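K.L.:
Take this structure first; my questions come after.
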Amino acid sequence: MQKKRVFLTRTLHEFALKELKKKYQIEVHTGKIPIPKNILKNKIKNIDGLICFPYDKIDNELIDFGSNLKVISTYSVGFDHIDIDYAKKKKIRVGYTPKVLTNATADLAFGLMLDLVRRISEGDRLIRNGEWKQIFGAYDYVGIDLQGKTLGILGMGRIGGTLAKRAKAFDMKIIYHNRNRISKNKEKTLGAKYVSQNKLITQSDILSIHVPHTSETDQMFNNKIFKKMKNSSFLINTSRGKIVNEKDLSIALKNKIISGAGLDVFESEPIGKNHPFTKISNIILAPHIGSSSKETREEMAKIAVKNLNLGINGKNPIYSVGF
Ligand code: DGY
C-alpha cells in the first residue's frame with residue numbers, strides 16, 4: 001500500500017523527521033521562509049497531512065486545494081494563521097501545541113519585564129556603543145523594583161497564570177482581566193485580583209498581554225488605550241504582534257505616554273534593523289522566542305507529530321481546534 005503523504009513547510013528536529021519517515025512519504029520545504037503561497041498551493045494538492053508554522057497563512061483558498069488533506073498540525077500554540085472554521089467545514093482536523101510551551105513563554109514575559117524595568121539590555125547597548133563613561137552615579141541608569149509594583153495580566157489562561165506565579169515570588173501585586181473570571185481558589189493560589197479591563201489598563205505598572213489574536217483583540221492596544229495607561233507603566237507582549245498598533249506604540253514611547261515596552265512579537269515578522277522600534281531606547285525587542293527553549297521546542301515537535309498521526313487517521317489530535 002502506498003504511504004500517505006505529509007508535507008512540512010519547514011524542517012523539524014531529526015527525531016521527528018525520523019518518526020514521520022517510518023509511516024509516511026514526507027517532503028520538507030527547504031527554500032524561502034515562509035514558503036511562498038504558490039508553492040504551498042501545489043504541494044497541498046497531493047498530501048494527506050500538513051505540518052506548518054505560525055507564520056504560514058493557511059486560508060480558505062489554500063485549504064480548497066487540499067482535496068485529500070485530513071489534518072493540519074501547527075507547530076505553535078497560536079492558530080490565528082489558520083482558517084479554523086473553513087478547515088472544520090472541509091472536515092480537516094487542526095492540531096496545535098499548547099501546555100508544553102507555557103513555562104517557556106511565561107519565563108520570557110517575565111524576563112522581558114525584569115530586563116525592561118532594570119534596563120539591562122539598554123545598559124548592554126550603552127556599553128557596546130562606548131557610552132559608559134563614569135561609574136555608579138546616584139541617578140545613573142536607574143530603573144525600578146518589581147517588588148510592590150502592580151502586574152496587570154490580560155488573559156488569565158495557562159501562560160498568564162504561570163506568569164502570575166513568577167510575579168508572586170517577586171512580591172508583586174497581581175491584577176488580571178479575563179473573559180471569564182477564574183475560580184476564587186485559583187485567584188487565592190495565584191494571589192491575583194480580578195478587575196475590569198479598564199481598571200487593568202489604568203492601574204497596572206506593568207501590563208502583560210496573554211490573549212490570542214482575534215478580530216476582537218486586533219489593534220486593541222492603540223493610542224486611546226496608551227493614553228489611559230500610567231505614564232510610568234510598561235507594556236509586555238509575547239502573544240501576537242497584531243494586538244498592538246505599532247505606530248501608536250512608537251508615538252506613546254517617544255512622547256513618554258508610557259515608560260517602556262518589551263516585545264517578542266510584531267505586526268509583521270521578522271522586523272529588520274530599520275524598523276522604527278530599533279530607534280527607540282525604552283523598548284526591548286526579542287525575535288519571537290517565547291517558546292524557544294531546547295526542551296520546549298522538542299516537546300512541541302513531539303506533539304505536532306502526534307497530532308498529525310491522529311488526524312491523518314481520522315482521529316482528533318491530542319490538542320485539537322475546531323472539532
Ligand atoms: C506560538 O507557539 O504560537 C508562539 O507564538 C511561539 O513562540
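Each chain of the C-alpha cells is named A, B, ... in the order shown, its residues numbered from 1; ligands are numbered from 1 in display order.
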At a cut-off of 10 Å, can you tabulate as CSV every residue of chain A near ligand 1 together with its closest atom pair and the distance in Å to one decimal, using only C-alpha atoms and all ligand atoms and ordering rows by chain then number?
P.N.:
residue,atom,partner,partner_atom_place_in_ligand_line,distance
A:Phe53,CA,ligand 1,2 (O),8.3
A:Pro54,CA,ligand 1,3 (O),6.0
A:Tyr55,CA,ligand 1,3 (O),9.2
A:Thr74,CA,ligand 1,2 (O),8.5
A:Tyr75,CA,ligand 1,2 (O),6.5
A:Ser76,CA,ligand 1,2 (O),3.1
A:Val77,CA,ligand 1,2 (O),3.9
A:Gly78,CA,ligand 1,3 (O),3.6
A:Phe79,CA,ligand 1,3 (O),6.9
A:Asp80,CA,ligand 1,3 (O),8.7
A:His81,CA,ligand 1,3 (O),9.6
A:Tyr96,CA,ligand 1,2 (O),8.2
A:Thr97,CA,ligand 1,2 (O),6.9
A:Pro98,CA,ligand 1,2 (O),7.5
A:Val100,CA,ligand 1,2 (O),9.7
A:Leu101,CA,ligand 1,2 (O),7.3
A:Thr102,CA,ligand 1,2 (O),9.5
A:Ala104,CA,ligand 1,7 (O),8.7
A:Thr105,CA,ligand 1,7 (O),6.9
A:Leu108,CA,ligand 1,7 (O),9.7
A:Pro212,CA,ligand 1,3 (O),9.0
A:Thr238,CA,ligand 1,5 (O),7.2
A:Ser239,CA,ligand 1,5 (O),6.1
A:Arg240,CA,ligand 1,5 (O),6.8
A:Gly241,CA,ligand 1,5 (O),9.6
A:Asp264,CA,ligand 1,7 (O),8.4
A:Val265,CA,ligand 1,5 (O),7.7
A:Pro287,CA,ligand 1,7 (O),9.4
A:His288,CA,ligand 1,7 (O),5.7
A:Ile289,CA,ligand 1,7 (O),5.3
A:Gly290,CA,ligand 1,7 (O),4.0
A:Ser291,CA,ligand 1,7 (O),4.2
A:Ser292,CA,ligand 1,7 (O),6.4
A:Ser293,CA,ligand 1,7 (O),9.7
A:Thr296,CA,ligand 1,7 (O),9.9
A:Arg297,CA,ligand 1,6 (C),9.2
A:Met300,CA,ligand 1,2 (O),8.5
K.L.:
Write out as a compact mmCIF listing (two decimals) with N, CA, C and O atoms, in the first residue's frame the residues lying within 6 Å of segment 26-39 of chain A, counting only C-alpha atoms and excluding same-chain residues fewer than 4 positions away.
P.N.:
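Produced file selection-v6.txt, reproduced below:
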# COMPACT_ATOMS: atom_id res chain seq x y z
N ARG A 5 0.95 10.82 2.33
CA ARG A 5 1.93 11.89 2.08
C ARG A 5 1.79 13.01 3.09
O ARG A 5 0.67 13.46 3.38
N VAL A 6 2.96 13.45 3.57
CA VAL A 6 2.98 14.54 4.54
C VAL A 6 3.96 15.61 4.06
O VAL A 6 5.06 15.29 3.60
N PHE A 7 3.54 16.84 4.19
CA PHE A 7 4.41 17.96 3.78
C PHE A 7 4.68 18.84 4.99
O PHE A 7 3.77 19.15 5.77
N LEU A 8 5.95 19.23 5.15
CA LEU A 8 6.33 20.15 6.23
C LEU A 8 6.81 21.45 5.59
O LEU A 8 7.65 21.43 4.69
N THR A 9 6.28 22.57 6.07
CA THR A 9 6.65 23.85 5.47
C THR A 9 8.04 24.30 5.92
O THR A 9 8.54 25.31 5.45
N ARG A 10 8.62 23.54 6.85
CA ARG A 10 9.99 23.82 7.31
C ARG A 10 10.46 22.59 8.06
O ARG A 10 9.64 21.81 8.55
N THR A 11 11.77 22.45 8.20
CA THR A 11 12.24 21.23 8.85
C THR A 11 11.95 21.24 10.35
O THR A 11 11.75 22.29 10.97
K.L.:
Between A:Phe266, A:Tyr86, A:Tyr24, A:Phe136, single out the one closest to Leu308 of chain A, counting only C-alpha atoms.
P.N.:
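Looking at the shortest contact to Leu308 of chain A, the residue is A:Tyr24.
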K.L.:
Have a look at A:Lys57, A:Ile51, A:Ala106, A:Lys4 and name the one nearest to Ile72 of chain A; count only C-alpha atoms.
P.N.:
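Closest candidate: A:Ile51.
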K.L.:
List every residue of segment 211-252 of chain A that DSSP, applied to the backbone of this structure, places in helix (DSSP H, G or I), and write the result as a JSON list (two decimals) with all heavy atoms, in the first residue's frame.
P.N.:
[["chain", "number", "residue", "atom", "x", "y", "z"],
["A", 223, "ASN", "N", -3.56, 54.12, 20.54],
["A", 223, "ASN", "CA", -3.42, 55.43, 21.14],
["A", 223, "ASN", "C", -4.38, 55.67, 22.31],
["A", 223, "ASN", "O", -3.99, 56.16, 23.37],
["A", 223, "ASN", "CB", -3.69, 56.44, 20.00],
["A", 223, "ASN", "CG", -3.30, 57.81, 20.39],
["A", 223, "ASN", "OD1", -2.45, 57.97, 21.27],
["A", 223, "ASN", "ND2", -3.91, 58.80, 19.78],
["A", 224, "LYS", "N", -5.64, 55.27, 22.09],
["A", 224, "LYS", "CA", -6.67, 55.50, 23.10],
["A", 224, "LYS", "C", -6.31, 54.79, 24.42],
["A", 224, "LYS", "O", -6.44, 55.34, 25.51],
["A", 224, "LYS", "CB", -8.00, 54.96, 22.55],
["A", 224, "LYS", "CG", -9.21, 55.71, 23.01],
["A", 224, "LYS", "CD", -10.43, 55.28, 22.24],
["A", 224, "LYS", "CE", -11.52, 54.87, 23.20],
["A", 224, "LYS", "NZ", -12.55, 54.05, 22.61],
["A", 225, "ILE", "N", -5.86, 53.56, 24.29],
["A", 225, "ILE", "CA", -5.51, 52.76, 25.47],
["A", 225, "ILE", "C", -4.22, 53.28, 26.11],
["A", 225, "ILE", "O", -4.13, 53.42, 27.33],
["A", 225, "ILE", "CB", -5.35, 51.26, 25.09],
["A", 225, "ILE", "CG1", -6.64, 50.70, 24.51],
["A", 225, "ILE", "CG2", -4.85, 50.43, 26.27],
["A", 225, "ILE", "CD1", -7.78, 50.52, 25.49],
["A", 226, "PHE", "N", -3.21, 53.60, 25.26],
["A", 226, "PHE", "CA", -1.94, 54.08, 25.83],
["A", 226, "PHE", "C", -2.18, 55.35, 26.65],
["A", 226, "PHE", "O", -1.55, 55.54, 27.68],
["A", 226, "PHE", "CB", -0.91, 54.34, 24.72],
["A", 226, "PHE", "CG", -0.51, 53.09, 23.99],
["A", 226, "PHE", "CD1", -0.43, 53.05, 22.60],
["A", 226, "PHE", "CD2", -0.25, 51.92, 24.70],
["A", 226, "PHE", "CE1", -0.08, 51.88, 21.93],
["A", 226, "PHE", "CE2", 0.11, 50.74, 24.03],
["A", 226, "PHE", "CZ", 0.18, 50.72, 22.65],
["A", 227, "LYS", "N", -3.09, 56.19, 26.19],
["A", 227, "LYS", "CA", -3.38, 57.43, 26.94],
["A", 227, "LYS", "C", -4.00, 57.15, 28.30],
["A", 227, "LYS", "O", -3.88, 57.94, 29.22],
["A", 227, "LYS", "CB", -4.30, 58.33, 26.12],
["A", 227, "LYS", "CG", -3.54, 59.09, 25.05],
["A", 227, "LYS", "CD", -4.40, 60.12, 24.40],
["A", 227, "LYS", "CE", -3.62, 60.94, 23.41],
["A", 227, "LYS", "NZ", -4.50, 61.43, 22.34],
["A", 228, "LYS", "N", -4.69, 56.02, 28.41],
["A", 228, "LYS", "CA", -5.31, 55.66, 29.70],
["A", 228, "LYS", "C", -4.29, 55.04, 30.65],
["A", 228, "LYS", "O", -4.50, 55.00, 31.86],
["A", 228, "LYS", "CB", -6.42, 54.62, 29.47],
["A", 228, "LYS", "CG", -7.70, 55.17, 28.92],
["A", 228, "LYS", "CD", -8.72, 54.06, 28.97],
["A", 228, "LYS", "CE", -10.03, 54.44, 28.36],
["A", 228, "LYS", "NZ", -10.99, 53.32, 28.45],
["A", 241, "GLY", "N", 1.71, 40.08, 17.59],
["A", 241, "GLY", "CA", 2.03, 41.48, 17.30],
["A", 241, "GLY", "C", 0.84, 42.32, 16.91],
["A", 241, "GLY", "O", 0.76, 43.51, 17.23],
["A", 242, "LYS", "N", -0.12, 41.69, 16.21],
["A", 242, "LYS", "CA", -1.23, 42.47, 15.66],
["A", 242, "LYS", "C", -2.18, 42.98, 16.75],
["A", 242, "LYS", "O", -3.07, 43.78, 16.47],
["A", 242, "LYS", "CB", -1.99, 41.63, 14.64],
["A", 242, "LYS", "CG", -1.20, 41.40, 13.37],
["A", 242, "LYS", "CD", -2.08, 40.86, 12.25],
["A", 242, "LYS", "CE", -1.36, 40.85, 10.93],
["A", 242, "LYS", "NZ", -0.65, 39.61, 10.65],
["A", 243, "ILE", "N", -1.98, 42.55, 17.99],
["A", 243, "ILE", "CA", -2.82, 43.04, 19.09],
["A", 243, "ILE", "C", -2.42, 44.49, 19.44],
["A", 243, "ILE", "O", -3.20, 45.24, 20.01],
["A", 243, "ILE", "CB", -2.70, 42.10, 20.32],
["A", 243, "ILE", "CG1", -3.19, 40.70, 19.95],
["A", 243, "ILE", "CG2", -3.45, 42.64, 21.53],
["A", 243, "ILE", "CD1", -2.96, 39.63, 20.99],
["A", 246, "GLU", "N", 1.48, 49.31, 16.23],
["A", 246, "GLU", "CA", 2.90, 49.64, 16.39],
["A", 246, "GLU", "C", 3.18, 51.13, 16.21],
["A", 246, "GLU", "O", 4.04, 51.68, 16.88],
["A", 246, "GLU", "CB", 3.74, 48.82, 15.39],
["A", 246, "GLU", "CG", 3.73, 47.35, 15.74],
["A", 246, "GLU", "CD", 4.69, 46.50, 14.92],
["A", 246, "GLU", "OE1", 5.20, 46.99, 13.89],
["A", 246, "GLU", "OE2", 4.91, 45.34, 15.30],
["A", 247, "LYS", "N", 2.44, 51.74, 15.31],
["A", 247, "LYS", "CA", 2.65, 53.17, 15.07],
["A", 247, "LYS", "C", 2.29, 53.95, 16.34],
["A", 247, "LYS", "O", 3.04, 54.81, 16.79],
["A", 247, "LYS", "CB", 1.73, 53.62, 13.92],
["A", 247, "LYS", "CG", 2.40, 54.54, 12.97],
["A", 247, "LYS", "CD", 1.57, 54.66, 11.73],
["A", 247, "LYS", "CE", 1.85, 55.99, 11.07],
["A", 247, "LYS", "NZ", 0.85, 56.25, 10.06],
["A", 248, "ASP", "N", 1.14, 53.61, 16.92],
["A", 248, "ASP", "CA", 0.69, 54.29, 18.14],
["A", 248, "ASP", "C", 1.65, 54.01, 19.30],
["A", 248, "ASP", "O", 1.91, 54.88, 20.12],
["A", 248, "ASP", "CB", -0.73, 53.83, 18.52],
["A", 248, "ASP", "CG", -1.79, 54.39, 17.57],
["A", 248, "ASP", "OD1", -1.40, 55.11, 16.63],
["A", 248, "ASP", "OD2", -2.98, 54.10, 17.77],
["A", 249, "LEU", "N", 2.17, 52.77, 19.35],
["A", 249, "LEU", "CA", 3.10, 52.45, 20.43],
["A", 249, "LEU", "C", 4.39, 53.27, 20.30],
["A", 249, "LEU", "O", 4.90, 53.79, 21.30],
["A", 249, "LEU", "CB", 3.43, 50.95, 20.44],
["A", 249, "LEU", "CG", 4.44, 50.50, 21.52],
["A", 249, "LEU", "CD1", 3.90, 50.80, 22.94],
["A", 249, "LEU", "CD2", 4.76, 49.01, 21.41],
["A", 250, "SER", "N", 4.89, 53.41, 19.08],
["A", 250, "SER", "CA", 6.10, 54.22, 18.87],
["A", 250, "SER", "C", 5.87, 55.65, 19.37],
["A", 250, "SER", "O", 6.71, 56.21, 20.08],
["A", 250, "SER", "CB", 6.44, 54.31, 17.38],
["A", 250, "SER", "OG", 6.81, 53.06, 16.91],
["A", 251, "ILE", "N", 4.71, 56.21, 19.04],
["A", 251, "ILE", "CA", 4.40, 57.59, 19.47],
["A", 251, "ILE", "C", 4.31, 57.65, 21.00],
["A", 251, "ILE", "O", 4.86, 58.53, 21.64],
["A", 251, "ILE", "CB", 3.07, 58.08, 18.82],
["A", 251, "ILE", "CG1", 3.26, 58.15, 17.30],
["A", 251, "ILE", "CG2", 2.63, 59.43, 19.38],
["A", 251, "ILE", "CD1", 1.99, 58.36, 16.50],
["A", 252, "ALA", "N", 3.64, 56.65, 21.57],
["A", 252, "ALA", "CA", 3.47, 56.62, 23.04],
["A", 252, "ALA", "C", 4.82, 56.52, 23.75],
["A", 252, "ALA", "O", 5.03, 57.15, 24.79],
["A", 252, "ALA", "CB", 2.56, 55.45, 23.44]]
K.L.:
Rounded to one decimal, what separation in Å do you get between atom CA of Val244 of chain A and atom CA of Asn222 of chain A?
P.N.:
6.4 Å
